[in-house]
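Next up, model.csv (CSV, C-alpha atoms (C1' of nucleotides)):
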```
chain,number,residue,atom,x,y,z
J,1,MET,CA,-14.8,8.0,4.7
J,2,ASP,CA,-13.1,8.6,1.4
J,3,ALA,CA,-13.0,6.8,-1.9
J,4,ILE,CA,-10.5,4.2,-0.6
J,5,ASP,CA,-12.7,3.4,2.3
J,6,ARG,CA,-15.6,2.8,0.0
J,7,ASP,CA,-13.4,0.6,-2.2
J,8,ILE,CA,-12.6,-1.4,0.9
J,9,LEU,CA,-16.3,-1.7,1.8
J,10,ARG,CA,-17.1,-2.9,-1.7
J,11,GLU,CA,-14.4,-5.5,-1.7
J,12,LEU,CA,-15.2,-6.8,1.8
J,13,GLN,CA,-18.8,-7.0,0.9
J,14,ALA,CA,-18.0,-9.2,-2.1
J,15,ASP,CA,-15.5,-11.3,-0.1
J,16,GLY,CA,-15.3,-10.9,3.6
J,17,ARG,CA,-12.4,-13.3,3.9
J,18,LEU,CA,-10.0,-11.4,1.7
J,19,SER,CA,-6.6,-11.3,3.2
J,20,ASN,CA,-5.3,-8.0,4.2
J,21,GLN,CA,-2.5,-8.2,1.6
J,22,GLU,CA,-4.9,-8.9,-1.2
J,23,LEU,CA,-7.3,-6.2,-0.1
J,24,ALA,CA,-4.5,-3.7,0.2
J,25,GLN,CA,-3.3,-4.5,-3.3
J,26,ARG,CA,-6.8,-4.1,-4.8
J,27,VAL,CA,-7.4,-0.7,-3.2
J,28,GLY,CA,-3.9,0.5,-4.0
J,29,LEU,CA,-2.4,0.6,-0.5
J,30,THR,CA,0.2,-1.3,1.4
J,31,PRO,CA,-1.0,-3.7,4.0
J,32,SER,CA,-0.4,-1.5,7.1
J,33,PRO,CA,-2.6,1.5,6.3
J,34,CYS,CA,-5.1,-0.8,4.7
J,35,MET,CA,-5.6,-2.8,7.9
J,36,ARG,CA,-5.7,0.4,9.9
J,37,ARG,CA,-8.6,1.6,7.8
J,38,VAL,CA,-10.4,-1.7,8.2
J,39,ARG,CA,-10.0,-1.6,11.9
J,40,GLN,CA,-11.3,2.0,11.9
J,41,LEU,CA,-14.3,1.0,9.9
J,42,GLU,CA,-15.1,-1.8,12.3
J,43,GLN,CA,-14.7,0.5,15.3
J,44,ASP,CA,-16.9,3.2,13.8
J,45,GLY,CA,-19.6,0.6,13.3
J,46,VAL,CA,-19.6,1.0,9.5
J,47,ILE,CA,-18.6,-2.7,9.3
J,48,LEU,CA,-21.0,-4.5,11.6
J,49,GLY,CA,-19.5,-7.9,11.2
J,50,TYR,CA,-18.7,-10.7,8.9
J,51,ARG,CA,-20.8,-13.6,8.0
J,52,ALA,CA,-20.6,-16.9,6.0
J,53,VAL,CA,-23.3,-17.2,3.4
J,54,ILE,CA,-24.8,-20.7,3.5
J,55,ASP,CA,-26.7,-22.5,0.8
J,56,PRO,CA,-30.2,-22.8,2.1
J,57,GLU,CA,-30.7,-26.1,0.3
J,58,ALA,CA,-27.7,-27.6,2.1
J,59,VAL,CA,-29.3,-27.0,5.5
J,60,GLU,CA,-32.8,-28.0,4.6
J,61,ARG,CA,-34.1,-24.4,4.2
J,62,GLY,CA,-34.6,-24.2,0.5
J,63,PHE,CA,-38.4,-23.5,0.7
J,64,GLU,CA,-39.0,-19.8,1.3
J,65,VAL,CA,-42.3,-18.2,2.0
J,66,LEU,CA,-43.4,-14.6,2.5
J,67,VAL,CA,-46.1,-14.2,5.0
J,68,SER,CA,-48.3,-11.1,5.4
J,69,VAL,CA,-49.7,-10.8,8.9
J,70,GLU,CA,-52.3,-8.4,10.2
J,71,VAL,CA,-52.1,-7.9,13.9
J,72,ARG,CA,-54.7,-6.3,16.1
J,73,ARG,CA,-54.0,-2.6,16.4
J,74,ASP,CA,-53.1,-2.3,20.0
J,75,ARG,CA,-49.8,-2.0,21.7
J,76,GLU,CA,-50.1,-5.2,23.8
J,77,ALA,CA,-51.0,-7.4,20.8
J,78,VAL,CA,-48.2,-6.0,18.7
J,79,GLU,CA,-45.5,-6.4,21.4
J,80,ALA,CA,-46.6,-9.9,22.2
J,81,PHE,CA,-46.6,-10.8,18.6
J,82,GLU,CA,-43.2,-9.4,17.9
J,83,ALA,CA,-41.8,-11.1,20.9
J,84,ALA,CA,-43.2,-14.4,19.9
J,85,LEU,CA,-41.5,-14.1,16.5
J,86,GLN,CA,-38.1,-14.1,18.1
J,87,ASP,CA,-38.7,-17.6,19.3
J,88,ILE,CA,-39.5,-19.1,15.9
J,89,PRO,CA,-36.2,-19.8,14.2
J,90,ASP,CA,-37.9,-20.5,10.9
J,91,VAL,CA,-38.7,-16.8,10.7
J,92,ILE,CA,-35.6,-15.4,9.1
J,93,GLU,CA,-36.6,-11.8,8.9
J,94,ALA,CA,-39.5,-9.7,9.9
J,95,TYR,CA,-40.6,-6.1,9.1
J,96,ARG,CA,-43.3,-3.9,10.6
J,97,LEU,CA,-44.8,-1.8,7.9
J,98,PHE,CA,-46.9,1.2,7.4
J,99,GLY,CA,-50.3,0.4,5.9
J,100,SER,CA,-51.4,-3.1,5.0
J,101,PRO,CA,-50.1,-5.7,5.7
J,102,GLY,CA,-49.0,-4.6,9.1
J,103,CYS,CA,-46.2,-7.1,9.2
J,104,LEU,CA,-44.2,-9.1,6.7
J,105,LEU,CA,-42.3,-12.3,7.6
J,106,ARG,CA,-39.7,-14.1,5.5
J,107,ILE,CA,-39.7,-17.8,6.4
J,108,ALA,CA,-37.3,-20.6,5.4
J,109,VAL,CA,-38.2,-24.2,5.9
J,110,ALA,CA,-37.4,-27.5,4.2
J,111,ASP,CA,-40.4,-28.0,2.0
J,112,LEU,CA,-44.1,-27.5,1.7
J,113,ARG,CA,-44.9,-30.1,4.3
J,114,ALA,CA,-42.6,-28.4,6.8
J,115,TYR,CA,-44.3,-25.1,6.1
J,116,GLU,CA,-47.8,-26.6,6.6
J,117,ARG,CA,-46.7,-27.8,10.0
J,118,LEU,CA,-45.2,-24.5,10.9
J,119,TRP,CA,-48.3,-22.7,9.7
J,120,ILE,CA,-50.7,-24.8,11.7
J,121,GLU,CA,-48.6,-25.2,14.8
J,122,LYS,CA,-47.0,-21.8,15.2
J,123,LEU,CA,-48.4,-19.1,12.9
J,124,THR,CA,-52.1,-19.6,13.4
J,125,ALA,CA,-51.5,-20.1,17.1
J,126,LEU,CA,-50.1,-16.6,17.6
J,127,ALA,CA,-52.3,-14.4,19.6
J,128,GLY,CA,-53.8,-11.1,18.4
J,129,ILE,CA,-53.6,-12.0,14.7
J,130,THR,CA,-56.5,-11.1,12.4
J,131,GLU,CA,-55.2,-12.3,9.1
J,132,VAL,CA,-52.4,-14.5,7.7
J,133,ASN,CA,-51.6,-14.7,4.0
J,134,SER,CA,-48.8,-16.9,2.8
J,135,GLN,CA,-47.1,-16.4,-0.5
J,136,ILE,CA,-44.6,-18.9,-1.8
J,137,ILE,CA,-41.6,-17.6,-3.6
J,138,MET,CA,-41.4,-18.7,-7.2
J,139,LYS,CA,-38.0,-17.3,-7.9
J,140,ARG,CA,-35.4,-15.1,-6.4
J,141,VAL,CA,-35.1,-12.5,-9.1
J,142,LYS,CA,-32.3,-10.6,-7.6
J,143,GLU,CA,-29.9,-12.0,-5.0
J,144,PRO,CA,-29.1,-9.8,-2.0
J,145,THR,CA,-25.5,-9.2,-2.6
J,146,GLY,CA,-25.0,-6.4,-0.2
J,147,LEU,CA,-25.5,-2.7,-0.3
J,148,PRO,CA,-24.3,-0.5,-3.2
J,149,VAL,CA,-21.6,1.8,-2.0
J,150,ASP,CA,-21.6,5.0,-4.0
J,151,GLY,CA,-18.8,7.3,-4.7
L,1,MET,CA,-22.4,-33.3,7.2
L,2,ASP,CA,-22.4,-34.2,10.8
L,3,ALA,CA,-22.9,-32.4,14.1
L,4,ILE,CA,-19.4,-30.8,13.9
L,5,ASP,CA,-20.0,-29.5,10.4
L,6,ARG,CA,-23.2,-27.9,11.6
L,7,ASP,CA,-21.4,-26.3,14.5
L,8,ILE,CA,-18.9,-24.9,12.1
L,9,LEU,CA,-21.7,-23.4,10.0
L,10,ARG,CA,-23.3,-21.9,13.0
L,11,GLU,CA,-20.0,-20.3,14.1
L,12,LEU,CA,-19.0,-19.0,10.7
L,13,GLN,CA,-22.5,-17.6,10.2
L,14,ALA,CA,-22.1,-15.6,13.4
L,15,ASP,CA,-18.6,-14.5,12.7
L,16,GLY,CA,-17.2,-15.2,9.3
L,17,ARG,CA,-13.7,-14.0,10.2
L,18,LEU,CA,-13.1,-16.4,13.0
L,19,SER,CA,-9.6,-17.6,12.9
L,20,ASN,CA,-9.2,-21.3,12.2
L,21,GLN,CA,-7.6,-21.8,15.6
L,22,GLU,CA,-10.5,-20.2,17.4
L,23,LEU,CA,-13.0,-22.0,15.3
L,24,ALA,CA,-11.3,-25.3,15.9
L,25,GLN,CA,-11.3,-24.8,19.7
L,26,ARG,CA,-15.0,-23.9,19.7
L,27,VAL,CA,-16.1,-27.0,17.8
L,28,GLY,CA,-13.7,-29.3,19.7
L,29,LEU,CA,-11.2,-30.0,17.1
L,30,THR,CA,-7.5,-29.2,16.4
L,31,PRO,CA,-6.9,-26.7,13.7
L,32,SER,CA,-5.9,-29.1,10.9
L,33,PRO,CA,-9.1,-31.2,10.6
L,34,CYS,CA,-11.1,-28.1,11.3
L,35,MET,CA,-9.7,-26.3,8.3
L,36,ARG,CA,-10.1,-29.4,6.1
L,37,ARG,CA,-13.8,-29.4,7.0
L,38,VAL,CA,-14.2,-25.8,6.2
L,39,ARG,CA,-12.5,-26.3,2.8
L,40,GLN,CA,-14.8,-29.2,2.1
L,41,LEU,CA,-17.9,-27.2,3.0
L,42,GLU,CA,-16.7,-24.5,0.7
L,43,GLN,CA,-16.0,-26.9,-2.2
L,44,ASP,CA,-19.3,-28.6,-1.7
L,45,GLY,CA,-21.1,-25.3,-2.1
L,46,VAL,CA,-22.5,-25.4,1.4
L,47,ILE,CA,-20.6,-22.3,2.2
L,48,LEU,CA,-21.3,-20.0,-0.7
L,49,GLY,CA,-19.0,-17.2,0.4
L,50,TYR,CA,-18.2,-14.6,3.1
L,51,ARG,CA,-19.5,-11.1,3.3
L,52,ALA,CA,-18.9,-8.1,5.4
L,53,VAL,CA,-22.1,-6.7,6.9
L,54,ILE,CA,-22.3,-2.9,6.5
L,55,ASP,CA,-24.4,-0.4,8.4
L,56,PRO,CA,-26.9,0.9,5.9
L,57,GLU,CA,-26.9,4.3,7.6
L,58,ALA,CA,-23.2,4.7,7.1
L,59,VAL,CA,-23.5,4.4,3.3
L,60,GLU,CA,-26.6,6.4,2.9
L,61,ARG,CA,-29.0,3.5,2.6
L,62,GLY,CA,-30.9,3.7,5.8
L,63,PHE,CA,-34.3,4.2,4.3
L,64,GLU,CA,-35.8,0.9,3.2
L,65,VAL,CA,-39.0,0.4,1.2
L,66,LEU,CA,-40.9,-2.7,0.1
L,67,VAL,CA,-42.4,-2.3,-3.2
L,68,SER,CA,-45.2,-4.6,-4.6
L,69,VAL,CA,-45.3,-4.7,-8.4
L,70,GLU,CA,-47.8,-6.2,-10.7
L,71,VAL,CA,-46.4,-7.0,-14.1
L,72,ARG,CA,-48.3,-7.8,-17.2
L,73,ARG,CA,-48.8,-11.5,-17.4
L,74,ASP,CA,-46.8,-12.3,-20.5
L,75,ARG,CA,-43.4,-13.8,-20.8
L,76,GLU,CA,-41.8,-10.8,-22.6
L,77,ALA,CA,-43.0,-8.3,-20.1
L,78,VAL,CA,-41.8,-10.4,-17.2
L,79,GLU,CA,-38.4,-11.0,-18.6
L,80,ALA,CA,-37.8,-7.4,-19.6
L,81,PHE,CA,-38.9,-6.3,-16.2
L,82,GLU,CA,-36.7,-8.7,-14.3
L,83,ALA,CA,-33.8,-7.8,-16.5
L,84,ALA,CA,-34.3,-4.1,-15.9
L,85,LEU,CA,-34.3,-4.7,-12.2
L,86,GLN,CA,-30.7,-5.9,-12.4
L,87,ASP,CA,-29.6,-2.5,-13.5
L,88,ILE,CA,-31.1,-0.6,-10.6
L,89,PRO,CA,-28.6,-0.9,-7.7
L,90,ASP,CA,-31.0,0.5,-5.2
L,91,VAL,CA,-33.1,-2.7,-5.6
L,92,ILE,CA,-31.4,-4.8,-3.1
L,93,GLU,CA,-33.5,-7.9,-3.4
L,94,ALA,CA,-36.3,-9.1,-5.6
L,95,TYR,CA,-38.7,-12.0,-5.5
L,96,ARG,CA,-41.2,-13.3,-8.0
L,97,LEU,CA,-44.2,-14.7,-6.2
L,98,PHE,CA,-47.2,-16.9,-6.8
L,99,GLY,CA,-50.4,-14.9,-6.6
L,100,SER,CA,-50.6,-11.2,-5.9
L,101,PRO,CA,-48.4,-9.2,-5.9
L,102,GLY,CA,-46.5,-10.8,-8.7
L,103,CYS,CA,-43.2,-9.3,-7.6
L,104,LEU,CA,-41.8,-7.9,-4.4
L,105,LEU,CA,-38.8,-5.6,-4.3
L,106,ARG,CA,-36.7,-4.5,-1.3
L,107,ILE,CA,-35.2,-1.1,-1.9
L,108,ALA,CA,-32.6,0.8,0.1
L,109,VAL,CA,-32.0,4.5,-0.5
L,110,ALA,CA,-30.8,7.5,1.6
L,111,ASP,CA,-34.1,9.0,2.5
L,112,LEU,CA,-37.7,9.8,1.4
L,113,ARG,CA,-36.5,12.4,-1.1
L,114,ALA,CA,-34.2,9.9,-2.8
L,115,TYR,CA,-37.0,7.3,-2.9
L,116,GLU,CA,-39.3,9.8,-4.5
L,117,ARG,CA,-36.7,10.4,-7.2
L,118,LEU,CA,-36.1,6.7,-7.7
L,119,TRP,CA,-39.9,6.1,-7.9
L,120,ILE,CA,-40.6,8.7,-10.5
L,121,GLU,CA,-37.5,8.2,-12.6
L,122,LYS,CA,-37.0,4.4,-12.5
L,123,LEU,CA,-39.9,2.5,-11.1
L,124,THR,CA,-42.8,4.1,-12.9
L,125,ALA,CA,-40.7,4.2,-16.0
L,126,LEU,CA,-40.4,0.4,-16.2
L,127,ALA,CA,-42.3,-1.1,-19.1
L,128,GLY,CA,-45.1,-3.7,-18.6
L,129,ILE,CA,-46.1,-2.7,-15.1
L,130,THR,CA,-49.7,-2.4,-14.2
L,131,GLU,CA,-49.4,-1.5,-10.5
L,132,VAL,CA,-46.8,-0.3,-8.0
L,133,ASN,CA,-47.4,-0.1,-4.3
L,134,SER,CA,-44.7,1.2,-2.0
L,135,GLN,CA,-44.6,0.4,1.7
L,136,ILE,CA,-42.2,2.1,4.0
L,137,ILE,CA,-40.6,-0.1,6.6
L,138,MET,CA,-41.4,1.2,10.1
L,139,LYS,CA,-39.1,-1.2,11.9
L,140,ARG,CA,-37.1,-4.3,11.4
L,141,VAL,CA,-38.6,-6.6,13.9
L,142,LYS,CA,-36.2,-9.4,13.3
L,143,GLU,CA,-32.7,-9.0,11.9
L,144,PRO,CA,-31.6,-11.4,9.3
L,145,THR,CA,-28.9,-13.2,11.2
L,146,GLY,CA,-28.5,-16.2,8.9
L,147,LEU,CA,-30.2,-19.5,8.6
L,148,PRO,CA,-30.9,-21.7,11.5
L,149,VAL,CA,-28.8,-24.9,11.3
L,150,ASP,CA,-30.6,-27.8,12.9
L,151,GLY,CA,-29.1,-30.9,14.5
K,1,DG,C1',-13.7,-63.3,15.4
K,2,DA,C1',-9.5,-61.6,12.7
K,3,DT,C1',-8.0,-58.9,9.0
K,4,DC,C1',-8.3,-55.5,5.7
K,5,DT,C1',-9.6,-51.0,4.1
K,6,DG,C1',-11.1,-46.4,4.2
K,7,DT,C1',-11.9,-42.3,6.7
K,8,DG,C1',-10.7,-38.8,9.8
K,9,DC,C1',-7.9,-37.1,13.7
K,10,DG,C1',-3.7,-35.0,15.8
K,11,DC,C1',1.3,-33.7,15.5
K,12,DA,C1',5.0,-31.1,13.7
K,13,DA,C1',7.5,-28.3,10.4
K,14,DT,C1',7.3,-24.8,6.9
K,15,DA,C1',5.5,-20.9,4.8
K,16,DT,C1',2.5,-17.2,4.7
K,17,DG,C1',0.3,-13.4,6.4
K,18,DC,C1',-0.8,-10.3,10.4
K,19,DT,C1',0.6,-6.7,13.5
K,20,DT,C1',3.1,-2.9,15.6
K,21,DG,C1',6.6,0.9,16.1
K,22,DC,C1',8.9,4.3,13.7
K,23,DG,C1',10.5,7.6,10.1
K,24,DT,C1',8.8,10.4,6.3
K,25,DC,C1',5.7,12.9,3.4
K,26,DT,C1',1.7,15.5,2.4
K,27,DT,C1',-1.9,18.6,3.7
K,28,DC,C1',-4.3,21.9,6.1
K,29,DC,C1',-4.6,25.6,9.3
K,30,DT,C1',-2.8,29.6,11.3
W,1,DA,C1',5.7,30.6,5.4
W,2,DG,C1',5.8,27.7,9.4
W,3,DG,C1',3.9,24.3,12.4
W,4,DA,C1',1.1,20.4,13.5
W,5,DA,C1',-1.7,16.6,12.6
W,6,DG,C1',-2.8,12.8,9.9
W,7,DA,C1',-1.7,9.1,6.8
W,8,DC,C1',1.5,6.3,4.3
W,9,DG,C1',5.4,2.8,3.7
W,10,DC,C1',9.1,0.0,5.7
W,11,DA,C1',10.8,-3.5,8.5
W,12,DA,C1',11.0,-6.8,12.4
W,13,DG,C1',8.7,-10.0,15.4
W,14,DC,C1',5.0,-12.9,16.0
W,15,DA,C1',0.7,-15.4,15.4
W,16,DT,C1',-1.7,-18.1,12.2
W,17,DA,C1',-2.5,-20.9,8.1
W,18,DT,C1',-1.2,-24.9,5.7
W,19,DT,C1',0.7,-29.4,4.3
W,20,DG,C1',2.6,-34.2,4.9
W,21,DC,C1',2.7,-38.0,7.8
W,22,DG,C1',1.6,-41.6,11.3
W,23,DC,C1',-2.1,-43.5,14.0
W,24,DA,C1',-6.6,-44.9,15.7
W,25,DC,C1',-11.3,-46.2,15.0
W,26,DA,C1',-15.3,-48.1,12.3
W,27,DG,C1',-17.4,-51.1,8.8
W,28,DA,C1',-17.0,-54.8,5.6
W,29,DT,C1',-15.4,-59.3,4.2
W,30,DC,C1',-14.2,-63.9,4.8
```
What would you get if you wrote out this structure as structure tokens?
Amino acid sequence: MDAIDRDILRELQADGRLSNQELAQRVGLTPSPCMRRVRQLEQDGVILGYRAVIDPEAVERGFEVLVSVEVRRDREAVEAFEAALQDIPDVIEAYRLFGSPGCLLRIAVADLRAYERLWIEKLTALAGITEVNSQIIMKRVKEPTGLPVDG
Amino acid sequence: MDAIDRDILRELQADGRLSNQELAQRVGLTPSPCMRRVRQLEQDGVILGYRAVIDPEAVERGFEVLVSVEVRRDREAVEAFEAALQDIPDVIEAYRLFGSPGCLLRIAVADLRAYERLWIEKLTALAGITEVNSQIIMKRVKEPTGLPVDG
DNA sequence: GATCTGTGCGCAATATGCTTGCGTCTTCCT
DNA sequence: AGGAAGACGCAAGCATATTGCGCACAGATC
């Protein structure tokens, strides 16, 4: 993992569909060794995959909410809760935290009405929960644009 | 935007480097119309881009922290704060919220030591802040794997 | 109910880019 | 200083992307 590899990571993070030729030119290599490096990075698990980024509005997911959840502090409740999360597609992302809240969910739905329905039908119905606190996102201040690659 | 378009979005979200041939086969089309649809989705802004997903551990960013920040409630302070965030690469993602906390940051650094340095050098140094609360992520319960595409 | 029109599919040909084997150079270790 | 391993660049063969064209289907109009 040298400077060129890091350049490759930066470029592919910005545009995952860069052609090998273009990528090679940008990092100062010819196509052959460039592709070998990419393959190597993929095999080593440095590059986990490639993903298209979709506009949430276009697929009716423009309304995002952060939900703090407190779960009863016993193993069964936690495991059941986390398993249940997997089956709610609206839950985009979930973290278990130290301290309070015990868990944070990021949820994407169409609008406030859709969130109300999700809240009443799914979230409050989850077992072992002692507290639910919804916070609507006013604005995304910084877009997740990938990890910084130092060096 | 019909059922085939949604299939395309699902497939490309799962693997953004799918060849057009393979993609066409999966959604039940021949390569030509399939590529035309993809181009259209790109032009319409439904597909915002493509991105390689990198293992945070491999680039020294395996230690993630969620930071709640309270900012003084005046326009200048908020704008200065949000502008300052843009210049801290360790801040991967930032949301301005209704209610409390006023702002939530997701931060990725190498380890606890690196976070301590960031905290003391950058976070506490930000102007207009009234409260900073760091929460270390114990576990990512649900991986962000893209948006669900209904239909 | 027939015709017209617009939209979208599939086919085929061209061009582009990917992929692999091989020779050469550098670098590091002994 | 010599040897070996790793990485680069070149070139050839091959897969894939890309474009223009003809055709079929659906909706609207008369």
Interface residues on chain W facing chain J, 9 Å, all atoms listed in the file, written as number ranges by chain
W: 7-9
Using all atoms listed in the file, which chain J residues lie at most 8 Å away from chain L, written as a VMD selection string?
chain J and resid 9 12 to 17 45 to 56 58 to 59 61 82 85 to 86 89 to 90 92 to 99 108 135 to 150
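Counting only C-alpha atoms (C1' of nucleotides), every residue of chain J that comes within 9 Å of chain K is listed here: Ser19, Asn20, Gln21 and Ser32 of chain J.
The spacing separating CA of Ile4 in chain L from CA of Gly28 in chain L amounts to 8.3 Å.
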Quick one: superpose chain L onto chain J using all C-alpha atoms paired in order, least squares, and give it to me as a CSV table (one decimal) with C-alpha atoms, in the coordinates of the input.
```csv
chain,number,residue,atom,x,y,z
L,1,MET,CA,-14.8,8.0,4.7
L,2,ASP,CA,-13.2,8.6,1.4
L,3,ALA,CA,-13.0,6.8,-1.9
L,4,ILE,CA,-10.6,4.2,-0.6
L,5,ASP,CA,-12.8,3.4,2.4
L,6,ARG,CA,-15.6,2.8,0.0
L,7,ASP,CA,-13.5,0.6,-2.1
L,8,ILE,CA,-12.7,-1.4,0.9
L,9,LEU,CA,-16.4,-1.8,1.7
L,10,ARG,CA,-17.1,-2.9,-1.7
L,11,GLU,CA,-14.4,-5.5,-1.6
L,12,LEU,CA,-15.2,-6.9,1.8
L,13,GLN,CA,-18.9,-7.0,0.9
L,14,ALA,CA,-18.0,-9.3,-2.1
L,15,ASP,CA,-15.5,-11.4,-0.2
L,16,GLY,CA,-15.3,-11.0,3.5
L,17,ARG,CA,-12.3,-13.3,3.9
L,18,LEU,CA,-10.0,-11.4,1.7
L,19,SER,CA,-6.6,-11.3,3.2
L,20,ASN,CA,-5.3,-7.9,4.2
L,21,GLN,CA,-2.5,-8.2,1.7
L,22,GLU,CA,-4.9,-8.9,-1.2
L,23,LEU,CA,-7.3,-6.3,0.0
L,24,ALA,CA,-4.5,-3.7,0.2
L,25,GLN,CA,-3.3,-4.4,-3.3
L,26,ARG,CA,-6.8,-4.1,-4.7
L,27,VAL,CA,-7.5,-0.7,-3.2
L,28,GLY,CA,-3.9,0.6,-3.9
L,29,LEU,CA,-2.5,0.6,-0.5
L,30,THR,CA,0.2,-1.3,1.4
L,31,PRO,CA,-1.0,-3.7,4.0
L,32,SER,CA,-0.4,-1.5,7.1
L,33,PRO,CA,-2.7,1.5,6.3
L,34,CYS,CA,-5.1,-0.8,4.7
L,35,MET,CA,-5.6,-2.8,7.9
L,36,ARG,CA,-5.8,0.4,10.0
L,37,ARG,CA,-8.7,1.5,7.8
L,38,VAL,CA,-10.5,-1.7,8.2
L,39,ARG,CA,-10.1,-1.6,12.0
L,40,GLN,CA,-11.4,2.0,12.0
L,41,LEU,CA,-14.4,1.0,9.9
L,42,GLU,CA,-15.1,-1.8,12.3
L,43,GLN,CA,-14.8,0.4,15.4
L,44,ASP,CA,-16.9,3.1,13.8
L,45,GLY,CA,-19.7,0.6,13.3
L,46,VAL,CA,-19.6,0.9,9.5
L,47,ILE,CA,-18.7,-2.7,9.3
L,48,LEU,CA,-21.1,-4.5,11.6
L,49,GLY,CA,-19.6,-7.9,11.2
L,50,TYR,CA,-18.7,-10.8,8.9
L,51,ARG,CA,-20.9,-13.7,8.0
L,52,ALA,CA,-20.5,-16.9,6.1
L,53,VAL,CA,-23.2,-17.3,3.4
L,54,ILE,CA,-24.8,-20.8,3.5
L,55,ASP,CA,-26.7,-22.6,0.8
L,56,PRO,CA,-30.2,-22.8,2.1
L,57,GLU,CA,-30.7,-26.2,0.3
L,58,ALA,CA,-27.8,-27.7,2.1
L,59,VAL,CA,-29.3,-27.1,5.5
L,60,GLU,CA,-32.8,-27.9,4.6
L,61,ARG,CA,-34.1,-24.4,4.2
L,62,GLY,CA,-34.6,-24.2,0.5
L,63,PHE,CA,-38.3,-23.5,0.6
L,64,GLU,CA,-39.0,-19.8,1.3
L,65,VAL,CA,-42.3,-18.2,2.0
L,66,LEU,CA,-43.4,-14.6,2.5
L,67,VAL,CA,-46.1,-14.3,5.0
L,68,SER,CA,-48.3,-11.1,5.4
L,69,VAL,CA,-49.8,-10.7,8.9
L,70,GLU,CA,-52.3,-8.4,10.2
L,71,VAL,CA,-52.1,-7.9,13.9
L,72,ARG,CA,-54.6,-6.3,16.1
L,73,ARG,CA,-54.0,-2.6,16.4
L,74,ASP,CA,-53.1,-2.3,20.0
L,75,ARG,CA,-49.8,-2.0,21.7
L,76,GLU,CA,-50.0,-5.2,23.7
L,77,ALA,CA,-50.9,-7.3,20.8
L,78,VAL,CA,-48.1,-5.9,18.7
L,79,GLU,CA,-45.5,-6.4,21.3
L,80,ALA,CA,-46.5,-9.9,22.2
L,81,PHE,CA,-46.5,-10.8,18.6
L,82,GLU,CA,-43.2,-9.3,17.8
L,83,ALA,CA,-41.7,-11.0,20.8
L,84,ALA,CA,-43.1,-14.4,19.9
L,85,LEU,CA,-41.6,-14.0,16.5
L,86,GLN,CA,-38.1,-14.0,18.1
L,87,ASP,CA,-38.7,-17.5,19.3
L,88,ILE,CA,-39.5,-19.0,15.9
L,89,PRO,CA,-36.2,-19.7,14.2
L,90,ASP,CA,-37.8,-20.4,10.9
L,91,VAL,CA,-38.7,-16.7,10.7
L,92,ILE,CA,-35.6,-15.4,9.1
L,93,GLU,CA,-36.6,-11.8,8.8
L,94,ALA,CA,-39.5,-9.6,9.9
L,95,TYR,CA,-40.6,-6.1,9.1
L,96,ARG,CA,-43.3,-4.0,10.6
L,97,LEU,CA,-44.8,-1.8,7.9
L,98,PHE,CA,-46.9,1.3,7.5
L,99,GLY,CA,-50.3,0.4,6.0
L,100,SER,CA,-51.4,-3.1,5.0
L,101,PRO,CA,-50.1,-5.6,5.7
L,102,GLY,CA,-49.0,-4.6,9.1
L,103,CYS,CA,-46.2,-7.1,9.2
L,104,LEU,CA,-44.2,-9.1,6.7
L,105,LEU,CA,-42.3,-12.2,7.5
L,106,ARG,CA,-39.7,-14.1,5.5
L,107,ILE,CA,-39.7,-17.8,6.4
L,108,ALA,CA,-37.3,-20.5,5.4
L,109,VAL,CA,-38.2,-24.2,5.9
L,110,ALA,CA,-37.3,-27.6,4.2
L,111,ASP,CA,-40.4,-28.0,2.1
L,112,LEU,CA,-44.2,-27.5,1.7
L,113,ARG,CA,-44.9,-30.2,4.3
L,114,ALA,CA,-42.7,-28.5,6.9
L,115,TYR,CA,-44.3,-25.1,6.1
L,116,GLU,CA,-47.7,-26.6,6.6
L,117,ARG,CA,-46.7,-27.8,10.0
L,118,LEU,CA,-45.1,-24.5,10.9
L,119,TRP,CA,-48.3,-22.7,9.7
L,120,ILE,CA,-50.7,-24.8,11.7
L,121,GLU,CA,-48.6,-25.2,14.8
L,122,LYS,CA,-47.0,-21.7,15.2
L,123,LEU,CA,-48.4,-19.1,12.9
L,124,THR,CA,-52.1,-19.6,13.4
L,125,ALA,CA,-51.4,-20.1,17.1
L,126,LEU,CA,-50.0,-16.6,17.6
L,127,ALA,CA,-52.2,-14.4,19.7
L,128,GLY,CA,-53.7,-11.1,18.4
L,129,ILE,CA,-53.6,-11.9,14.7
L,130,THR,CA,-56.5,-11.1,12.5
L,131,GLU,CA,-55.1,-12.3,9.1
L,132,VAL,CA,-52.3,-14.4,7.7
L,133,ASN,CA,-51.5,-14.7,4.0
L,134,SER,CA,-48.8,-16.9,2.8
L,135,GLN,CA,-47.0,-16.4,-0.5
L,136,ILE,CA,-44.6,-18.9,-1.9
L,137,ILE,CA,-41.6,-17.5,-3.6
L,138,MET,CA,-41.4,-18.7,-7.2
L,139,LYS,CA,-38.0,-17.3,-7.9
L,140,ARG,CA,-35.4,-15.0,-6.5
L,141,VAL,CA,-35.1,-12.5,-9.2
L,142,LYS,CA,-32.3,-10.6,-7.6
L,143,GLU,CA,-29.9,-12.0,-5.0
L,144,PRO,CA,-29.1,-9.9,-2.0
L,145,THR,CA,-25.5,-9.2,-2.7
L,146,GLY,CA,-25.0,-6.4,-0.2
L,147,LEU,CA,-25.6,-2.7,-0.4
L,148,PRO,CA,-24.4,-0.6,-3.2
L,149,VAL,CA,-21.6,1.8,-2.0
L,150,ASP,CA,-21.7,5.0,-4.0
L,151,GLY,CA,-18.8,7.4,-4.7
```
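Among the candidates J:Ala24, J:Val132, J:Met35, J:Ile88, the residue lying nearest to Leu118 in chain J is J:Ile88 (atoms considered: all atoms listed in the file).
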